[in-house]
>>> print(open('upload19.cif').read())   # mmCIF, C-alpha atoms
data_entry
loop_
_atom_site.label_atom_id
_atom_site.label_comp_id
_atom_site.auth_asym_id
_atom_site.auth_seq_id
_atom_site.Cartn_x
_atom_site.Cartn_y
_atom_site.Cartn_z
CA VAL A 1 24.93 -5.00 7.36
CA LEU A 2 24.53 -7.38 4.41
CA HIS A 3 25.22 -10.38 6.68
CA LEU A 4 22.54 -9.22 9.14
CA VAL A 5 20.02 -8.74 6.36
CA LEU A 6 20.78 -12.11 4.76
CA ARG A 7 20.29 -13.84 8.11
CA GLN A 8 16.97 -12.01 8.60
CA LEU A 9 15.76 -12.86 5.11
CA ALA A 10 16.56 -16.54 5.64
CA SER A 11 14.49 -16.61 8.84
CA LEU A 12 11.73 -14.55 7.20
CA GLN A 13 11.30 -17.19 4.51
CA GLN A 14 10.74 -19.78 7.26
CA GLU A 15 8.30 -17.64 9.28
CA LYS A 16 4.65 -17.45 8.38
CA LEU A 17 3.52 -13.89 9.02
CA ASP A 18 -0.19 -13.19 9.11
CA GLY A 19 -1.16 -11.19 6.02
CA VAL A 20 2.44 -10.58 4.91
CA HIS A 21 4.18 -12.26 1.97
CA PHE A 22 7.91 -11.74 1.49
CA ILE A 23 9.23 -11.29 -2.07
CA ALA A 24 12.75 -12.69 -2.46
CA ASN A 25 15.25 -11.01 -4.78
CA ASN A 26 18.18 -13.39 -5.16
CA GLU A 27 20.12 -10.89 -7.30
CA ASP A 28 19.95 -8.08 -4.71
CA PRO A 29 19.30 -9.22 -1.13
CA MET A 30 19.21 -5.58 0.04
CA ASP A 31 16.10 -5.11 -2.14
CA VAL A 32 13.62 -6.18 0.54
CA GLN A 33 10.01 -6.21 -0.65
CA ALA A 34 6.78 -7.72 0.59
CA VAL A 35 3.08 -7.75 -0.13
CA ILE A 36 0.82 -6.82 2.76
CA GLU A 37 -2.80 -7.95 2.61
CA GLY A 38 -5.33 -5.34 3.62
CA PRO A 39 -6.69 -6.38 7.04
CA THR A 40 -10.36 -7.31 7.32
CA GLN A 41 -12.79 -4.71 8.68
CA THR A 42 -10.59 -1.86 7.43
CA PRO A 43 -10.93 0.24 4.27
CA TYR A 44 -7.92 -1.74 2.96
CA GLU A 45 -9.70 -5.11 3.07
CA GLY A 46 -9.24 -7.11 -0.13
CA GLY A 47 -6.25 -5.04 -1.20
CA CYS A 48 -2.69 -6.19 -1.72
CA TYR A 49 -0.05 -3.57 -1.02
CA ARG A 50 3.51 -3.90 -2.29
CA LEU A 51 6.02 -2.48 0.18
CA LYS A 52 9.75 -1.82 -0.09
CA ILE A 53 12.02 -1.78 2.97
CA CYS A 54 14.97 0.59 2.42
CA ILE A 55 17.95 -0.41 4.55
CA GLY A 56 20.40 2.46 5.02
CA ALA A 57 24.08 2.56 5.96
CA GLU A 58 23.17 3.37 9.61
CA PHE A 59 21.22 0.13 9.95
CA PRO A 60 20.66 -1.46 12.47
CA ALA A 61 21.44 1.56 14.70
CA LEU A 62 18.53 3.30 12.94
CA PRO A 63 15.43 1.55 11.62
CA PRO A 64 15.00 1.14 7.88
CA ARG A 65 12.65 3.30 5.84
CA ALA A 66 9.54 1.76 4.35
CA VAL A 67 7.77 2.83 1.17
CA PHE A 68 4.44 1.62 -0.19
CA MET A 69 4.81 0.94 -3.91
CA THR A 70 1.03 0.56 -4.19
CA ARG A 71 -0.96 3.77 -3.75
CA ILE A 72 -2.70 3.98 -0.37
CA PHE A 73 -4.71 6.68 1.44
CA HIS A 74 -3.54 6.53 5.06
CA PRO A 75 -2.63 9.15 7.70
CA ASN A 76 0.83 7.65 8.35
CA VAL A 77 1.77 7.19 4.69
CA SER A 78 2.80 10.17 2.58
CA PRO A 79 1.23 10.67 -0.85
CA THR A 80 4.53 9.34 -2.28
CA GLY A 81 4.27 6.14 -0.19
CA GLU A 82 6.77 6.86 2.62
CA VAL A 83 5.75 5.29 5.94
CA CYS A 84 6.03 7.59 8.97
CA VAL A 85 9.52 7.12 10.41
CA ASN A 86 8.26 7.80 13.95
CA THR A 87 6.13 4.68 13.67
CA LEU A 88 9.17 2.56 12.90
CA LYS A 89 11.32 4.36 15.51
CA ARG A 90 8.73 4.03 18.29
CA ASP A 91 9.77 0.57 19.49
CA TRP A 92 13.05 0.24 17.60
CA ASP A 93 15.65 -1.87 19.38
CA PRO A 94 18.81 -2.44 17.30
CA GLN A 95 19.69 -5.46 19.46
CA ASN A 96 16.31 -7.14 19.03
CA TRP A 97 14.84 -6.44 15.61
CA SER A 98 13.56 -8.40 12.66
CA ILE A 99 12.33 -7.55 9.21
CA GLY A 100 9.27 -9.66 10.00
CA HIS A 101 8.53 -7.46 13.02
CA ILE A 102 8.87 -4.31 10.88
CA LEU A 103 6.40 -5.72 8.34
CA GLN A 104 3.95 -6.66 11.11
CA VAL A 105 4.18 -3.15 12.63
CA ILE A 106 3.33 -1.66 9.23
CA ARG A 107 0.41 -4.06 8.76
CA CYS A 108 -0.87 -3.12 12.23
CA LEU A 109 -0.78 0.53 11.14
CA LEU A 110 -3.42 -0.35 8.55
CA ILE A 111 -5.64 -1.50 11.42
CA VAL A 112 -4.82 1.29 13.90
CA PRO A 113 -3.48 4.49 12.29
CA PHE A 114 -1.81 7.22 14.37
CA PRO A 115 -3.35 10.42 12.97
CA GLU A 116 -1.30 12.49 15.45
CA SER A 117 1.80 11.87 13.33
CA SER A 118 0.28 12.25 9.87
CA LEU A 119 2.34 12.38 6.70
CA ASN A 120 -0.83 12.66 4.62
CA GLU A 121 -2.55 15.74 6.04
CA GLU A 122 -5.83 15.13 4.23
CA ALA A 123 -6.06 11.53 5.47
CA GLY A 124 -5.16 12.59 9.02
CA ARG A 125 -7.71 15.41 9.02
CA LEU A 126 -10.49 13.21 7.63
CA PHE A 127 -9.64 10.42 10.08
CA MET A 128 -10.02 12.86 13.00
CA GLU A 129 -13.00 14.88 11.72
CA SER A 130 -15.11 12.38 9.78
CA TYR A 131 -14.04 8.75 10.04
CA GLU A 132 -16.84 7.69 7.66
CA GLU A 133 -15.59 10.03 4.94
CA TYR A 134 -11.99 8.87 5.54
CA TYR A 135 -13.12 5.24 5.33
CA ARG A 136 -14.99 5.85 2.05
CA HIS A 137 -12.04 7.64 0.46
CA ALA A 138 -9.49 5.03 1.62
CA ALA A 139 -11.75 2.19 0.42
CA MET A 140 -12.13 3.86 -2.99
CA ILE A 141 -8.33 4.23 -3.38
CA ASN A 142 -7.97 0.61 -2.22
CA LYS A 143 -10.45 -0.61 -4.82
CA VAL A 144 -8.80 1.36 -7.65
CA HIS A 145 -5.14 0.66 -6.82
CA ALA A 146 -4.81 -2.40 -4.57
CA VAL A 147 -7.58 -4.84 -5.46
CA ALA A 148 -6.65 -7.13 -8.35
CA SER A 149 -9.11 -7.06 -11.20
CA SER A 150 -9.77 -9.79 -13.72
CA GLU A 151 -7.80 -7.77 -16.32
CA GLY A 152 -4.54 -7.68 -14.37
CA ASP A 153 -2.70 -7.27 -11.11
CA ALA A 154 -3.19 -4.59 -8.49
CA GLY A 155 -0.58 -1.89 -8.27
#
>>> encode(input="upload19.cif", output="structure tokens")
Amino acid sequence: VLHLVLRQLASLQQEKLDGVHFIANNEDPMDVQAVIEGPTQTPYEGGCYRLKICIGAEFPALPPRAVFMTRIFHPNVSPTGEVCVNTLKRDWDPQNWSIGHILQVIRCLLIVPFPESSLNEEAGRLFMESYEEYYRHAAMINKVHAVASSEGDAG
């Protein structure tokens, strides 16, 4: 598994992913982290979200878990930051995967959430019942937790 991950990380450092910045950890290559930029025309615009990819022993037979380290209000992200596993499982192919693809799928979730498989019930309910209220709440959380201020970093 370590060999697979090292190979992926090497190619990830060469790739330029739209809105995704990989954070290398030379001391622990299994500590895979990235910063995802909030996509434009979403309540996450202007935010920077730190994300951790958790690679388990069953990898690559099963997809990794993903956890937002930066607080986010999103239907497919639990209040503790866990990304909906069904989202990662949906198109998982252990023969044809990449960490870059996983990061892009998660960034796309910020553009098009799947409220049918909500981990954050309040966000899912608001998304379905009152998109404007959902948008306002998500944008407020984004501004407080993910947009860097002049005093310090977001997070």
>>> residues_around(input="upload19.cif", residues="Gln33 (chain A)", least_positions_apart="5", cutoff="7 Å", atoms="all atoms listed in the file", output="CSV table (one decimal) with C-alpha atoms, in the coordinates of the input")
chain,number,residue,atom,x,y,z
A,22,PHE,CA,7.9,-11.7,1.5
A,23,ILE,CA,9.2,-11.3,-2.1
A,51,LEU,CA,6.0,-2.5,0.2
A,52,LYS,CA,9.8,-1.8,-0.1
A,53,ILE,CA,12.0,-1.8,3.0
>>> atom_distance(input="upload19.cif", atom1="CA of Met140 (chain A)", atom2="CA of Ala123 (chain A)")
12.9 Å
>>> atom_distance(input="upload19.cif", atom1="CA of Val5 (chain A)", atom2="CA of Ala57 (chain A)")
12.0 Å
>>> axis_aligned_box(input="upload19.cif", around="region 37-40 of chain A", padding_each_side="3 Å", output="AutoDock Vina command-line options")
--center_x -6.6 --center_y -6.6 --center_z 5.0 --size_x 13.6 --size_y 8.6 --size_z 10.7
>>> residues_around(input="upload19.cif", residues="region 141-145 of chain A", least_positions_apart="2", cutoff="12 Å", atoms="only C-alpha atoms", output="PDB file with C-alpha atoms, in the coordinates of the input")
ATOM      1  CA  GLU A  37      -2.800  -7.950   2.610  1.00  0.00           C
ATOM      2  CA  GLY A  38      -5.330  -5.340   3.620  1.00  0.00           C
ATOM      3  CA  PRO A  39      -6.690  -6.380   7.040  1.00  0.00           C
ATOM      4  CA  THR A  42     -10.590  -1.860   7.430  1.00  0.00           C
ATOM      5  CA  PRO A  43     -10.930   0.240   4.270  1.00  0.00           C
ATOM      6  CA  TYR A  44      -7.920  -1.740   2.960  1.00  0.00           C
ATOM      7  CA  GLU A  45      -9.700  -5.110   3.070  1.00  0.00           C
ATOM      8  CA  GLY A  46      -9.240  -7.110  -0.130  1.00  0.00           C
ATOM      9  CA  GLY A  47      -6.250  -5.040  -1.200  1.00  0.00           C
ATOM     10  CA  CYS A  48      -2.690  -6.190  -1.720  1.00  0.00           C
ATOM     11  CA  TYR A  49      -0.050  -3.570  -1.020  1.00  0.00           C
ATOM     12  CA  ARG A  50       3.510  -3.900  -2.290  1.00  0.00           C
ATOM     13  CA  PHE A  68       4.440   1.620  -0.190  1.00  0.00           C
ATOM     14  CA  MET A  69       4.810   0.940  -3.910  1.00  0.00           C
ATOM     15  CA  THR A  70       1.030   0.560  -4.190  1.00  0.00           C
ATOM     16  CA  ARG A  71      -0.960   3.770  -3.750  1.00  0.00           C
ATOM     17  CA  ILE A  72      -2.700   3.980  -0.370  1.00  0.00           C
ATOM     18  CA  PHE A  73      -4.710   6.680   1.440  1.00  0.00           C
ATOM     19  CA  HIS A  74      -3.540   6.530   5.060  1.00  0.00           C
ATOM     20  CA  PRO A  79       1.230  10.670  -0.850  1.00  0.00           C
ATOM     21  CA  LEU A 110      -3.420  -0.350   8.550  1.00  0.00           C
ATOM     22  CA  ALA A 123      -6.060  11.530   5.470  1.00  0.00           C
ATOM     23  CA  TYR A 134     -11.990   8.870   5.540  1.00  0.00           C
ATOM     24  CA  TYR A 135     -13.120   5.240   5.330  1.00  0.00           C
ATOM     25  CA  ARG A 136     -14.990   5.850   2.050  1.00  0.00           C
ATOM     26  CA  HIS A 137     -12.040   7.640   0.460  1.00  0.00           C
ATOM     27  CA  ALA A 138      -9.490   5.030   1.620  1.00  0.00           C
ATOM     28  CA  ALA A 139     -11.750   2.190   0.420  1.00  0.00           C
ATOM     29  CA  VAL A 147      -7.580  -4.840  -5.460  1.00  0.00           C
ATOM     30  CA  ALA A 148      -6.650  -7.130  -8.350  1.00  0.00           C
ATOM     31  CA  SER A 149      -9.110  -7.060 -11.200  1.00  0.00           C
ATOM     32  CA  GLY A 152      -4.540  -7.680 -14.370  1.00  0.00           C
ATOM     33  CA  ASP A 153      -2.700  -7.270 -11.110  1.00  0.00           C
ATOM     34  CA  ALA A 154      -3.190  -4.590  -8.490  1.00  0.00           C
ATOM     35  CA  GLY A 155      -0.580  -1.890  -8.270  1.00  0.00           C
TER      36      GLY A 155
END
>>> residues_around(input="upload19.cif", residues="Val32 (chain A)", least_positions_apart="5", cutoff="12 Å", atoms="all atoms listed in the file", output="ChimeraX atom specification")
/A:2,5-6,8-10,12-13,21-27,50-56,64-67,99-100,102-103
>>> closest_residue(input="upload19.cif", among="A:Gln41, A:Lys16, A:Asn96, A:Asp31", to="Ile111 (chain A)", atoms="all atoms listed in the file")
A:Gln41
>>> atom_distance(input="upload19.cif", atom1="CA of Trp97 (chain A)", atom2="CA of Gly81 (chain A)")
22.8 Å
>>> residues_around(input="upload19.cif", residues="Arg90 (chain A)", least_positions_apart="4", cutoff="10 Å", atoms="only C-alpha atoms", output="list in words")
Pro63, Val85 and Asn86 of chain A
>>> closest_residue(input="upload19.cif", among="A:Ser11, A:Ile36, A:Phe127, A:Val20", to="Ala146 (chain A)", atoms="all atoms listed in the file")
A:Ile36
>>> resolve_selection(input="upload19.cif", expression="the PyMOL selection byres ((chain A and resi 121) around 10)", output="list in words")
His74, Pro75, Asn76, Val77, Ser78, Pro79, Pro115, Ser117, Ser118, Leu119, Asn120, Glu122, Ala123, Gly124, Arg125, Leu126 and Phe127 of chain A
>>> residues_around(input="upload19.cif", residues="Leu62 (chain A)", least_positions_apart="4", cutoff="8 Å", atoms="all atoms listed in the file", output="compact mmCIF listing (two decimals) with C-alpha atoms, in the frame of the given file")
# COMPACT_ATOMS: atom_id res chain seq x y z
CA GLU A 58 23.17 3.37 9.61
CA LYS A 89 11.32 4.36 15.51
CA TRP A 92 13.05 0.24 17.60
CA PRO A 94 18.81 -2.44 17.30
